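Undergrad: Below: one structure in structure tokens.
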Amino acid sequence: MKEDKLYQQLKERMYAVSSVPPQDIGLLTPFWRKIVPHIKESPIRFLMLGGFLSTLFAWVILGTLIVRIVSLLQYGF
Amino acid sequence: MYTSFTLFLRHLLGIIIRPYETMRSLSKGVNPLEIIYINILAVIYIGLASLLRKGLDSGSLLLTLHFGKLFSGIIFTFIFSWGIIYFVGKLFGGKASPSNIFYPWLYSLIPTLLWFLTASFFYFLLPPPRTDSLKGQLFSLVFIGISITCFYWKGMLYYLTLRFGHKLSLGKIILSTIIIVPLAILYSLFTYKLGLFRIPFI
């Protein structure tokens, strides 16, 4: 009975993993496959890093215009 | 009820820690009672936002009207976004049924609600407008950082909704996005004119 349950779980896992075909984006596929495993588990680290870098970039490009944008966003809720 | 609440908490944690697997599981369907818990979160936010916007001194009628306006705005915006994701995905060969899109997209409301709650908190803490002083700029950077992080999280869940809901490739997801974004901008202008939302982040 225990083996049957394990077999069922493995079968479900196999169907789940193969529910969509792997991404194929031509020449960028190897690069994509290097990035994605880091995003599948605890992507919050990369989201926060991306947010931080984007903020810095926005500050460099926009300067004090960011303050006006934030004033607008603060009314947005 | 207890089982559905446990599932809701598991999915909630899952979209933070393991969004890929969680969205794959959500696209197959959930316990319908989980919709209630997301609605409860939305109602809590709307209640707080109405109080902050209108103030405790406002009459109950005004608060109720504002609450109703926000709540119906969120519902209609969600239905609209669900609809365009479903139909545009179908145009590009998507294989989803409406429920395959509904449940993952429903959980993508979590970063939206988080952003709205954060914006409400900062509105309460430091009401706008901001100044160009050092403190104003630092606060602005923190706020923008949080906003961009929530936006990226939402974007990731949007990608996973199309990936596991419609089973689209990256190329088709990008093409779908090229059609969906202008429609979303038009809708947001419409809701802005109605005074429903200033920032269309649903």
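Scheme for the structure tokens: letters A, B, ... for chains in order shown; per-chain residue numbers from 1; ligand numbers from 1 in order shown.
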List as a tab-separated table every residue of chain B that is in contact with chain A, defined as an atom at most 6 Å from one of its atoms (using only C-alpha atoms), together with the nearest atom pair and the distance in Å rounded to one decimal, sorted by chain and then rising number.
TA:
residue	atom	partner	partner_atom	distance
B:Ile17	CA	A:Ser42	CA	4.4
B:Arg18	CA	A:Glu41	CA	5.0
B:Tyr20	CA	A:Lys40	CA	5.4
B:Phe116	CA	A:Phe77	CA	5.5
B:Ala119	CA	A:Gln74	CA	5.9
B:Pro128	CA	A:Ser71	CA	5.4
B:Pro129	CA	A:Ser71	CA	5.0
B:Arg130	CA	A:Ser71	CA	5.7
B:Ser140	CA	A:Val67	CA	5.6
B:Gly145	CA	A:Gly51	CA	5.3
B:Ile148	CA	A:Gly51	CA	5.2
B:Thr149	CA	A:Gly51	CA	4.7
B:Lys167	CA	A:Val20	CA	5.9
B:Arg198	CA	A:Gly76	CA	4.9
B:Ile199	CA	A:Gly76	CA	4.9
Undergrad: Report as a list of chain:residue names all protein, DNA and RNA residues lying within 12 Å of Thr3 (chain B), evaluated on only C-alpha atoms, omitting residues in the same chain fewer than 2 positions from it.
TA: B:Met1, B:Phe5, B:Thr6, B:Leu7, B:Phe8, B:Leu9, B:Arg10, B:Val30, B:Asn31, B:Pro32, B:Leu33, B:Glu34
Undergrad: I'd like to know which of B:Gly195, B:Gly165, B:Gly14, B:Gly55 is closest to Trp82 (chain B), using only C-alpha atoms.
TA: B:Gly165
Undergrad: Can you list, as a PyMOL selection string, every residue of region 66-145 of chain B that DSSP puts in alpha helix (DSSP H)?
TA: chain B and resi 66-91+98-107+109-125+134-145
Undergrad: Between CA of Pro111 (chain B) and CA of His11 (chain B), what is the distance, to one decimal in Å?
TA: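 CA of His11 (chain B) lies 13.3 Å from CA of Pro111 (chain B).
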Undergrad: What separation in Å, quoted to one decimal, exists between CA of Ile74 (chain B) and CA of Ala42 (chain B)?
TA: 8.5 Å
Undergrad: What separation in Å, quoted to one decimal, exists between CA of Leu65 (chain B) and CA of Leu109 (chain B)?
TA: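 Interatomic distance here is 22.9 Å.
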Undergrad: My list of candidates is B:Ile146, B:Leu125, B:Ile36, B:Ile15. Which is closest to Tyr158 (chain B) when distances are computed with only C-alpha atoms?
TA: B:Ile15
Undergrad: What lies within 12 Å of region 91-103 of chain B using only C-alpha atoms, ignoring chain neighbours under 4 positions off, as number ranges by chain?
TA: A: 19-20; B: 8, 11, 22-35, 38, 78-87, 107-109, 157-180
